[in-house]
$ cat structure.cif   # mmCIF, C-alpha atoms
data_structure
loop_
_atom_site.label_atom_id
_atom_site.label_comp_id
_atom_site.auth_asym_id
_atom_site.auth_seq_id
_atom_site.Cartn_x
_atom_site.Cartn_y
_atom_site.Cartn_z
CA MET A 1 -27.89 -8.88 -22.00
CA ALA A 2 -26.61 -5.68 -23.52
CA THR A 3 -25.46 -5.82 -27.12
CA ALA A 4 -22.16 -4.11 -27.74
CA THR A 5 -21.98 -1.97 -30.87
CA LEU A 6 -18.58 -1.92 -32.42
CA THR A 7 -17.93 1.25 -34.39
CA THR A 8 -14.71 1.24 -36.33
CA ASN A 9 -12.71 4.36 -36.96
CA ILE A 10 -13.58 4.08 -40.65
CA GLU A 11 -17.26 4.13 -39.76
CA LYS A 12 -16.69 7.10 -37.46
CA LEU A 13 -14.83 8.90 -40.23
CA LYS A 14 -17.60 8.24 -42.72
CA ASP A 15 -20.23 9.51 -40.31
CA LEU A 16 -18.11 12.57 -39.61
CA ALA A 17 -17.66 13.35 -43.31
CA LEU A 18 -21.39 12.99 -43.97
CA GLU A 19 -22.20 15.43 -41.17
CA VAL A 20 -19.45 17.95 -41.83
CA PHE A 21 -19.87 18.09 -45.59
CA LEU A 22 -23.64 17.46 -45.57
CA LEU A 23 -23.37 14.46 -47.90
CA SER A 24 -25.78 11.62 -48.38
CA PRO A 25 -24.37 8.13 -47.63
CA GLY A 26 -24.25 7.26 -51.33
CA GLU A 27 -22.01 10.23 -52.04
CA PHE A 28 -19.24 9.09 -49.71
CA ASN A 29 -16.17 7.09 -50.65
CA LEU A 30 -12.63 7.04 -49.37
CA ASP A 31 -11.25 8.43 -52.62
CA LEU A 32 -13.16 11.71 -52.43
CA LYS A 33 -11.08 14.81 -52.92
CA ARG A 34 -11.71 18.32 -51.70
CA GLU A 35 -12.52 19.69 -55.14
CA GLN A 36 -15.26 17.08 -55.52
CA ILE A 37 -17.09 18.25 -52.40
CA GLU A 38 -18.81 21.62 -52.74
CA THR A 39 -19.14 22.04 -49.00
CA TRP A 40 -15.42 21.41 -48.35
CA ASP A 41 -14.96 25.18 -48.42
CA SER A 42 -13.44 27.45 -45.78
CA LEU A 43 -16.40 26.78 -43.47
CA GLY A 44 -16.01 23.07 -44.14
CA VAL A 45 -12.39 23.28 -43.01
CA VAL A 46 -13.49 24.86 -39.71
CA SER A 47 -16.29 22.37 -39.23
CA LEU A 48 -13.99 19.44 -40.04
CA ALA A 49 -11.50 20.56 -37.39
CA VAL A 50 -14.28 20.77 -34.78
CA GLY A 51 -15.64 17.35 -35.80
CA VAL A 52 -12.22 15.64 -35.76
CA GLN A 53 -11.61 16.93 -32.25
CA GLU A 54 -14.99 15.63 -31.05
CA THR A 55 -14.75 12.29 -32.85
CA PHE A 56 -11.09 11.36 -32.52
CA GLY A 57 -9.91 13.66 -29.72
CA TYR A 58 -7.23 15.14 -31.92
CA HIS A 59 -6.93 18.87 -32.49
CA LEU A 60 -5.93 19.50 -36.10
CA THR A 61 -3.43 22.33 -36.42
CA GLN A 62 -4.40 25.20 -38.68
CA ASP A 63 -1.86 24.05 -41.29
CA GLU A 64 -3.16 20.48 -41.19
CA ALA A 65 -6.78 21.58 -41.51
CA ILE A 66 -5.99 23.80 -44.50
CA ASN A 67 -3.66 21.37 -46.26
CA ILE A 68 -5.80 18.24 -46.09
CA THR A 69 -7.19 17.87 -49.59
CA SER A 70 -8.82 14.43 -49.56
CA ILE A 71 -10.43 11.87 -47.29
CA ARG A 72 -7.33 9.68 -47.60
CA GLY A 73 -5.22 12.70 -46.71
CA LEU A 74 -7.27 13.12 -43.55
CA ILE A 75 -6.76 9.45 -42.72
CA ALA A 76 -3.01 9.84 -43.21
CA VAL A 77 -2.86 12.78 -40.81
CA LEU A 78 -4.82 10.90 -38.16
CA GLU A 79 -2.80 7.70 -38.60
CA ALA A 80 0.36 9.73 -38.07
CA ARG A 81 -1.14 10.64 -34.68
CA GLY A 82 -1.64 6.99 -33.78
CA ILE A 83 -5.29 6.65 -34.77
CA SER A 84 -5.65 3.35 -36.62
CA PHE A 85 -7.91 2.85 -39.61
CA ASP A 86 -7.20 -0.85 -40.12
CA GLU A 87 -10.34 -2.89 -40.79
CA MET Z 1 -15.59 53.19 -24.17
CA SER Z 2 -16.74 56.73 -24.93
CA SER Z 3 -19.03 57.56 -27.83
CA PRO Z 4 -20.25 60.86 -29.21
CA THR Z 5 -23.64 61.80 -27.83
CA ILE Z 6 -26.60 63.46 -29.45
CA ASP Z 7 -25.33 66.78 -28.07
CA ASP Z 8 -22.25 66.35 -30.22
CA LEU Z 9 -24.42 66.55 -33.34
CA ALA Z 10 -25.23 70.24 -32.77
CA TRP Z 11 -22.90 71.10 -35.65
CA LEU Z 12 -25.30 69.44 -38.06
CA LYS Z 13 -27.67 72.39 -37.61
CA THR Z 14 -25.17 74.66 -39.36
CA PHE Z 15 -25.82 72.67 -42.54
CA PRO Z 16 -28.49 73.71 -45.08
CA GLN Z 17 -31.77 71.87 -44.57
CA SER Z 18 -31.35 69.93 -47.81
CA ALA Z 19 -27.88 68.67 -46.91
CA VAL Z 20 -29.04 66.32 -44.16
CA VAL Z 21 -31.73 63.64 -44.21
CA VAL Z 22 -33.01 61.57 -41.32
CA TRP Z 23 -34.25 57.98 -41.57
CA ALA Z 24 -35.81 56.94 -38.28
CA SER Z 25 -37.74 53.98 -37.02
CA PRO Z 26 -41.43 54.81 -36.40
CA SER Z 27 -41.00 54.20 -32.66
CA VAL Z 28 -38.54 57.10 -32.29
CA ARG Z 29 -39.22 59.20 -35.38
CA ALA Z 30 -41.08 62.09 -33.71
CA ARG Z 31 -38.45 62.45 -31.03
CA VAL Z 32 -35.57 62.31 -33.50
CA ILE Z 33 -37.07 64.87 -35.87
CA LYS Z 34 -37.77 67.22 -32.98
CA ARG Z 35 -34.09 67.12 -32.02
CA LEU Z 36 -32.73 66.95 -35.57
CA PRO Z 37 -35.16 69.05 -37.64
CA PHE Z 38 -34.18 67.87 -41.10
CA SER Z 39 -36.09 66.14 -43.89
CA ALA Z 40 -37.36 62.75 -42.81
CA ILE Z 41 -37.35 59.97 -45.39
CA ASP Z 42 -39.36 56.75 -45.48
CA SER Z 43 -36.82 54.71 -47.41
CA LEU Z 44 -33.23 54.95 -48.58
CA GLY Z 45 -34.45 55.43 -52.16
CA ASP Z 46 -35.88 58.81 -51.09
CA ILE Z 47 -32.49 60.38 -50.36
CA PRO Z 48 -32.10 63.42 -52.64
CA SER Z 49 -28.87 63.70 -54.61
CA GLU Z 50 -27.94 66.99 -52.92
CA ALA Z 51 -27.98 65.41 -49.45
CA GLY Z 52 -24.50 64.80 -48.06
CA THR Z 53 -25.34 63.39 -44.64
CA LEU Z 54 -27.66 60.56 -43.64
CA VAL Z 55 -28.64 60.15 -40.00
CA VAL Z 56 -30.23 56.78 -39.19
CA ALA Z 57 -31.97 56.13 -35.87
CA GLY Z 58 -33.26 52.60 -35.58
CA GLY Z 59 -32.52 48.95 -34.94
CA GLY Z 60 -29.95 46.63 -36.47
CA SER Z 61 -31.80 45.92 -39.73
CA MET Z 62 -32.23 49.60 -40.55
CA MET Z 63 -28.65 50.42 -39.68
CA ASP Z 64 -27.32 47.51 -41.75
CA GLU Z 65 -29.40 48.53 -44.78
CA ALA Z 66 -28.04 52.07 -44.47
CA LYS Z 67 -24.45 50.84 -44.12
CA HIS Z 68 -24.84 48.72 -47.24
CA PHE Z 69 -26.55 51.51 -49.19
CA ARG Z 70 -23.82 53.99 -48.33
CA ALA Z 71 -21.04 51.54 -49.26
CA ARG Z 72 -22.57 50.33 -52.51
CA VAL Z 73 -24.79 53.17 -53.80
CA ARG Z 74 -23.76 56.47 -52.23
CA PRO Z 75 -20.18 56.26 -50.94
CA ASP Z 76 -20.11 60.08 -50.87
CA LEU Z 77 -22.68 60.16 -48.04
CA ARG Z 78 -21.63 60.84 -44.47
CA LEU Z 79 -23.36 58.18 -42.36
CA ILE Z 80 -24.29 58.74 -38.72
CA LEU Z 81 -25.93 55.87 -36.83
CA ILE Z 82 -27.99 56.10 -33.65
CA ALA Z 83 -29.10 52.78 -32.12
CA SER Z 84 -32.69 52.95 -30.88
CA ILE Z 85 -32.25 49.58 -29.18
CA TRP Z 86 -29.25 47.46 -28.20
CA GLY Z 87 -28.56 43.90 -29.22
CA SER Z 88 -27.31 43.95 -32.78
CA GLY Z 89 -24.30 46.19 -32.18
CA ALA Z 90 -24.70 47.13 -35.84
CA GLU Z 91 -23.72 50.74 -35.16
CA LEU Z 92 -20.08 49.75 -34.62
CA SER Z 93 -19.79 46.57 -36.66
CA PRO Z 94 -18.17 46.02 -40.08
CA VAL Z 95 -20.74 43.27 -40.72
CA VAL Z 96 -24.08 43.78 -42.48
CA VAL Z 97 -26.94 41.28 -42.35
CA LEU Z 98 -29.54 42.08 -45.00
CA ASN Z 99 -33.05 40.70 -45.40
CA ARG Z 100 -33.56 39.64 -49.01
CA GLY Z 101 -36.88 37.87 -49.40
CA ASP Z 102 -36.84 34.82 -47.17
CA ALA Z 103 -33.04 34.77 -47.01
CA LYS Z 104 -30.31 36.65 -45.18
CA VAL Z 105 -27.30 38.03 -47.00
CA ILE Z 106 -24.21 38.65 -44.88
CA ALA Z 107 -21.27 40.81 -45.92
CA THR Z 108 -18.26 42.09 -44.04
CA GLY Z 109 -15.92 44.96 -44.79
CA GLU Z 110 -14.43 48.15 -43.39
CA GLU Z 111 -16.51 50.06 -45.94
CA PHE Z 112 -19.60 49.23 -43.90
CA LEU Z 113 -18.41 51.11 -40.83
CA PRO Z 114 -20.27 54.41 -40.30
CA ASP Z 115 -18.59 57.79 -39.91
CA ALA Z 116 -20.01 58.09 -36.42
CA ALA Z 117 -22.09 56.07 -33.98
CA VAL Z 118 -23.97 58.38 -31.66
CA TYR Z 119 -25.10 57.52 -28.15
CA TRP Z 120 -28.63 58.68 -27.30
CA PRO Z 121 -29.84 56.60 -24.34
CA GLU Z 122 -33.08 58.58 -23.94
CA LEU Z 123 -34.35 56.88 -27.10
CA LEU Z 124 -34.51 53.63 -25.15
CA ALA Z 125 -37.67 54.92 -23.47
CA SER Z 126 -39.55 53.55 -26.48
CA VAL Z 127 -38.39 49.98 -25.75
CA GLY Z 128 -40.94 47.79 -23.95
CA PRO Z 129 -39.95 45.17 -21.34
CA ASP Z 130 -40.29 42.10 -23.62
CA GLN Z 131 -38.35 43.77 -26.40
CA ALA Z 132 -35.70 44.84 -23.90
CA ARG Z 133 -35.27 41.32 -22.50
CA ARG Z 134 -34.95 39.87 -26.02
CA ALA Z 135 -32.37 42.50 -26.96
CA CYS Z 136 -30.34 41.32 -23.96
CA GLY Z 137 -30.65 37.80 -25.36
CA ASP Z 138 -29.32 38.99 -28.70
CA THR Z 139 -26.28 40.44 -26.94
CA TRP Z 140 -25.74 37.25 -24.94
CA ALA Z 141 -25.97 35.22 -28.16
CA HIS Z 142 -23.20 37.27 -29.75
CA ALA Z 143 -20.98 36.97 -26.71
CA LEU Z 144 -21.49 33.27 -25.99
CA GLU Z 145 -21.32 32.07 -29.59
CA ALA Z 146 -18.17 34.10 -30.24
CA PHE Z 147 -16.66 32.72 -27.01
CA LEU Z 148 -17.29 29.13 -28.17
CA SER Z 149 -16.37 29.81 -31.79
CA PRO Z 150 -13.65 27.58 -33.25
CA LEU Z 151 -12.28 30.75 -34.87
CA ALA Z 152 -11.78 32.61 -31.59
CA ALA Z 153 -8.26 32.96 -30.23
CA ASP Z 154 -7.62 32.82 -26.49
CA GLY Z 155 -7.02 36.58 -26.31
CA LEU Z 156 -10.43 37.22 -27.79
CA ARG Z 157 -12.05 34.70 -25.44
CA GLY Z 158 -10.43 36.48 -22.51
CA LYS Z 159 -12.01 39.78 -23.59
CA LEU Z 160 -15.38 38.08 -24.06
CA ALA Z 161 -15.15 36.46 -20.62
CA ILE Z 162 -14.56 39.87 -19.03
CA LEU Z 163 -17.44 41.36 -21.00
CA MET Z 164 -19.79 38.54 -19.96
CA GLY Z 165 -18.76 39.05 -16.35
CA GLU Z 166 -19.86 42.67 -16.70
CA MET Z 167 -23.08 41.69 -18.48
CA LEU Z 168 -24.05 39.50 -15.54
CA HIS Z 169 -24.35 42.68 -13.47
CA LEU Z 170 -26.87 44.22 -15.86
CA PRO Z 171 -30.63 43.64 -15.54
CA LEU Z 172 -32.42 41.81 -18.35
CA ALA Z 173 -34.33 45.01 -18.93
CA GLY Z 174 -33.98 48.50 -20.34
CA ASP Z 175 -30.62 49.89 -19.28
CA ALA Z 176 -28.43 52.22 -21.32
CA ARG Z 177 -25.32 50.23 -20.36
CA TRP Z 178 -26.52 47.52 -22.74
CA LEU Z 179 -25.76 49.87 -25.66
CA HIS Z 180 -22.06 49.67 -24.87
CA ALA Z 181 -22.17 45.98 -23.97
CA SER Z 182 -23.89 45.00 -27.21
CA ALA Z 183 -21.60 47.12 -29.37
CA HIS Z 184 -18.59 45.57 -27.63
CA ALA Z 185 -19.98 42.02 -27.99
CA CYS Z 186 -20.66 42.56 -31.66
CA ALA Z 187 -17.22 44.03 -32.34
CA LEU Z 188 -15.57 41.04 -30.62
CA GLN Z 189 -17.85 38.56 -32.37
CA ALA Z 190 -16.81 40.04 -35.73
CA GLN Z 191 -13.29 38.72 -35.00
CA ALA Z 192 -14.57 35.14 -34.63
CA SER Z 193 -17.95 33.79 -35.69
CA VAL Z 194 -21.41 33.07 -34.40
CA GLY Z 195 -23.01 29.63 -34.30
CA LEU Z 196 -26.20 27.61 -34.30
CA VAL Z 197 -28.29 30.20 -32.45
CA HIS Z 198 -27.70 32.62 -35.29
CA GLY Z 199 -28.10 29.90 -37.91
CA ILE Z 200 -31.56 29.16 -36.51
CA ALA Z 201 -32.47 32.84 -36.18
CA HIS Z 202 -31.42 33.67 -39.73
CA VAL Z 203 -33.38 30.79 -41.24
CA LEU Z 204 -36.49 30.99 -39.05
CA GLU Z 205 -36.95 34.75 -38.98
CA HIS Z 206 -38.96 34.85 -42.20
CA PRO Z 207 -41.21 31.80 -41.60
CA CYS Z 208 -41.86 32.85 -37.99
CA ARG Z 209 -42.88 36.34 -39.09
CA THR Z 210 -45.17 35.09 -41.84
CA ARG Z 211 -46.71 32.07 -40.13
CA LEU Z 212 -46.88 32.80 -36.42
CA ARG Z 213 -49.16 35.40 -34.94
CA GLU Z 214 -47.03 37.05 -32.30
CA PRO Z 215 -44.29 39.52 -33.20
CA TRP Z 216 -41.12 37.63 -34.13
CA GLY Z 217 -37.73 38.97 -34.94
CA HIS Z 218 -34.05 38.16 -34.79
CA ALA Z 219 -33.59 39.14 -31.15
CA ARG Z 220 -36.49 37.02 -29.96
CA LEU Z 221 -35.28 33.95 -31.84
CA CYS Z 222 -31.76 34.37 -30.46
CA SER Z 223 -33.12 34.86 -26.99
CA ILE Z 224 -35.38 31.79 -27.10
CA PHE Z 225 -32.91 29.40 -28.72
CA LEU Z 226 -29.92 30.32 -26.56
CA LEU Z 227 -30.85 27.90 -23.78
CA PRO Z 228 -31.55 24.84 -25.96
CA VAL Z 229 -28.51 25.45 -28.17
CA MET Z 230 -26.11 26.04 -25.28
CA SER Z 231 -27.54 22.95 -23.55
CA LEU Z 232 -26.84 20.97 -26.72
CA ASN Z 233 -23.31 22.38 -26.92
CA ARG Z 234 -22.66 21.37 -23.33
CA ARG Z 235 -24.03 17.84 -23.78
CA GLU Z 236 -22.26 17.08 -27.03
CA SER Z 237 -18.78 18.36 -26.35
CA THR Z 238 -16.41 19.16 -23.53
CA ARG Z 239 -15.63 22.48 -25.24
CA TRP Z 240 -18.16 24.43 -23.17
CA SER Z 241 -16.96 23.17 -19.79
CA ASP Z 242 -13.28 23.28 -20.77
CA LEU Z 243 -13.47 26.90 -21.87
CA ALA Z 244 -15.77 27.93 -19.03
CA ASN Z 245 -13.29 26.51 -16.52
CA HIS Z 246 -10.25 27.94 -18.26
CA PHE Z 247 -11.70 31.46 -18.36
CA ALA Z 248 -13.41 31.18 -14.97
CA LEU Z 249 -16.89 31.95 -16.28
CA ASN Z 250 -19.61 32.12 -13.67
CA GLU Z 251 -21.48 29.20 -15.24
CA ALA Z 252 -24.32 29.08 -12.74
CA ALA Z 253 -25.10 32.76 -13.24
CA ILE Z 254 -24.97 32.40 -17.03
CA TRP Z 255 -27.33 29.40 -17.04
CA ASN Z 256 -29.66 31.38 -14.82
CA VAL Z 257 -29.70 34.16 -17.44
CA LEU Z 258 -30.40 31.68 -20.24
CA HIS Z 259 -33.33 30.20 -18.32
CA ARG Z 260 -34.77 33.68 -17.74
CA LEU Z 261 -34.50 34.47 -21.44
CA PHE Z 262 -36.26 31.27 -22.49
CA GLU Z 263 -39.95 31.56 -23.49
CA PRO Z 264 -41.44 28.03 -23.38
CA ASP Z 265 -44.69 28.79 -25.23
CA ALA Z 266 -42.98 30.69 -28.02
CA TYR Z 267 -40.37 27.93 -28.27
CA ALA Z 268 -43.09 25.31 -28.65
CA ALA Z 269 -44.71 27.42 -31.37
CA ALA Z 270 -41.43 27.74 -33.27
CA LEU Z 271 -40.49 24.05 -33.00
CA PRO Z 272 -42.50 22.83 -36.03
CA LEU Z 273 -40.73 25.46 -38.13
CA LEU Z 274 -37.40 24.27 -36.79
CA HIS Z 275 -38.26 20.75 -38.00
CA GLU Z 276 -39.34 22.00 -41.43
CA ASN Z 277 -36.21 24.07 -41.91
CA TRP Z 278 -33.58 21.86 -40.26
CA ALA Z 279 -31.83 21.01 -43.53
CA LYS Z 280 -31.48 24.72 -44.32
CA ILE Z 281 -30.25 25.42 -40.81
CA LEU Z 282 -27.54 22.76 -41.13
CA ARG Z 283 -26.29 24.46 -44.30
CA ASN Z 284 -26.36 27.95 -42.85
CA PRO Z 285 -22.84 29.45 -42.60
CA CYS Z 286 -23.39 30.44 -38.96
CA THR Z 287 -24.33 26.87 -38.02
CA ARG Z 288 -21.21 25.56 -39.73
CA THR Z 289 -18.98 27.63 -37.44
CA ASN Z 290 -20.72 26.53 -34.25
CA GLY Z 291 -18.41 25.55 -31.40
CA THR Z 292 -19.79 22.01 -31.53
CA LEU Z 293 -20.33 20.09 -34.76
CA ILE Z 294 -24.07 20.20 -35.44
CA ARG Z 295 -25.34 16.89 -36.77
CA SER Z 296 -28.60 15.97 -38.45
CA ARG Z 297 -29.68 13.85 -35.46
CA HIS Z 298 -29.41 16.86 -33.14
CA LEU Z 299 -32.86 17.99 -34.23
CA GLU Z 300 -34.30 15.44 -31.79
CA GLU Z 301 -32.45 17.14 -28.94
CA PHE Z 302 -34.65 20.20 -29.28
CA GLU Z 303 -37.71 18.16 -28.30
CA HIS Z 304 -36.11 17.50 -24.92
CA GLN Z 305 -36.15 21.19 -24.12
CA VAL Z 306 -39.93 21.18 -24.29
CA ALA Z 307 -40.08 18.15 -22.02
CA ALA Z 308 -37.65 19.81 -19.61
#
$ encode --input "structure.cif" --output "structure tokens"
Amino acid sequence: MATATLTTNIEKLKDLALEVFLLSPGEFNLDLKREQIETWDSLGVVSLAVGVQETFGYHLTQDEAINITSIRGLIAVLEARGISFDE
Amino acid sequence: MSSPTIDDLAWLKTFPQSAVVVWASPSVRARVIKRLPFSAIDSLGDIPSEAGTLVVAGGGSMMDEAKHFRARVRPDLRLILIASIWGSGAELSPVVVLNRGDAKVIATGEEFLPDAAVYWPELLASVGPDQARRACGDTWAHALEAFLSPLAADGLRGKLAILMGEMLHLPLAGDARWLHASAHACALQAQASVGLVHGIAHVLEHPCRTRLREPWGHARLCSIFLLPVMSLNRRESTRWSDLANHFALNEAAIWNVLHRLFEPDAYAAALPLLHENWAKILRNPCTRTNGTLIRSRHLEEFEHQVAA
């Protein structure tokens, strides 16, 4: 019998942030802000937009990508597009 | 696109001997000096202060070093570039990629553009068949990675799609039409970004040159890694197929080109270095603007190419 793996959107977001910003798992938390992440630079903004599209199917606008300044800010933008982050 | 030709440089001969210096790659040096009988230099540090014009005939690395030198050290110099091989498009690009130890330094600016880029297709006679095929791969890497770039606008992608359609009619061999194609690809790429192929090439160039026996360079790495990277892009995201459909790319013909560029034995030899340097590759700025998000686990995907 196949075992279903349930991946929540929070888990997907964490995995995305680790890959985009090249963080180790211990460095991640939901309260991280852009200025705390060295790799959240202009290239990080581009990479984040690509990763969000692949992971959540939502294309961040240029303004959204530039103006998101924290992980919680990213969650807020995605929730406004109907992507739920409830546990 | 029309470019000045070597015949258009006849006016240089009215200059005093000391006013012009020539820096040429060894493969074309004798031919260049015969046509442009000025002082030949072995390095940019040899340029005398009284010289006002520098003519460079060589590949992308030489041209980029000269562009950077002129911009940063001798802005008074007139700089004339002659590509001795296609691929880099450096003769018409505002980007410079400099080798500094085991790292690449990239800078962009209008100040890096030369005063003239001269077309001299006869110089291509010095290019062997393997080198020619790899230079074609370099051009394809610029075009495809710019096409998939998240920074490319649709107008730019349209121009790249037309260019790639034209490139499909060129042989993967010595052909002067590649000079125009590569310059065009590079100029368009400068308006977007490159991706993982270039991230790999920039990181692996130094270790491949120092640790592998065969001749390795940027063009060969681009040429070899195009197929596995584009395969990864296609597997991991719908971006490739969406854009290919939207711009009516001849996908089958492009995949055929990528397979012909691929060198399985050289790829297998480079794979251990890819493993060793994967963390650096992930951090490379080119990798971070790839059309698909490159993840740490993607390293395993490169093994499949060997199996395939």
$ atom_distance --input "structure.cif" --atom1 "CA of Arg134 in chain Z" --atom2 "CA of Lys34 in chain Z"
28.4 Å
$ closest_atom_pairs --input "structure.cif" --of "chain Z" --to "chain A" --cutoff "12 Å" --atoms "only C-alpha atoms" --output "tab-separated table"
residue	atom	partner	partner_atom	distance
Z:Leu148	CA	A:Val50	CA	11.1
Z:Ser149	CA	A:Val50	CA	9.7
Z:Pro150	CA	A:Val50	CA	7.0
Z:Leu151	CA	A:Val46	CA	7.7
Z:Ala152	CA	A:Val46	CA	11.4
Z:Ala192	CA	A:Val46	CA	11.5
Z:Ser193	CA	A:Leu43	CA	10.6
Z:Gly195	CA	A:Ser47	CA	11.1
Z:Asn233	CA	A:Glu54	CA	11.5
Z:Arg235	CA	A:Glu54	CA	11.8
Z:Glu236	CA	A:Glu54	CA	8.4
Z:Ser237	CA	A:Glu54	CA	6.6
Z:Thr238	CA	A:Glu54	CA	8.4
Z:Arg239	CA	A:Glu54	CA	9.0
Z:Ala279	CA	A:Leu22	CA	9.2
Z:Lys280	CA	A:Leu22	CA	10.8
Z:Ile281	CA	A:Leu22	CA	11.4
Z:Leu282	CA	A:Leu22	CA	7.9
Z:Arg283	CA	A:Leu22	CA	7.6
Z:Asn284	CA	A:Leu43	CA	10.0
Z:Pro285	CA	A:Leu43	CA	7.0
Z:Cys286	CA	A:Leu43	CA	9.1
Z:Thr287	CA	A:Ser47	CA	9.3
Z:Arg288	CA	A:Ser47	CA	5.9
Z:Thr289	CA	A:Ser47	CA	6.2
Z:Asn290	CA	A:Ser47	CA	7.9
Z:Gly291	CA	A:Val50	CA	7.2
Z:Thr292	CA	A:Val50	CA	6.5
Z:Leu293	CA	A:Gly51	CA	5.5
Z:Ile294	CA	A:Glu19	CA	7.7
Z:Arg295	CA	A:Glu19	CA	5.6
Z:Ser296	CA	A:Glu19	CA	7.0
Z:Arg297	CA	A:Glu19	CA	9.5
Z:His298	CA	A:Glu19	CA	10.9
$ residues_around --input "structure.cif" --residues "Leu124 in chain Z" --least-positions-apart "3" --cutoff "7 Å" --atoms "all atoms listed in the file" --output "VMD selection string"
chain Z and resid 84 to 85 121 127
$ write_last_selection --input "structure.cif" --atoms "C-alpha atoms" --output "tab-separated table (two decimals), in the frame of the given file"
chain	number	residue	atom	x	y	z
Z	84	SER	CA	-32.69	52.95	-30.88
Z	85	ILE	CA	-32.25	49.58	-29.18
Z	121	PRO	CA	-29.84	56.60	-24.34
Z	127	VAL	CA	-38.39	49.98	-25.75
$ closest_residue --input "structure.cif" --among "Z:Ala19, Z:Cys222, Z:Leu168, Z:Ala40" --to "Ala135 in chain Z" --atoms "only C-alpha atoms"
Z:Cys222
$ atom_distance --input "structure.cif" --atom1 "CA of Pro129 in chain Z" --atom2 "CA of Ala173 in chain Z"
6.1 Å
$ resolve_selection --input "structure.cif" --expression "the PyMOL selection byres ((chain Z and resi 4-13) around 8)" --output "ChimeraX atom specification"
/Z:2-3,14-16,20,36,116-120
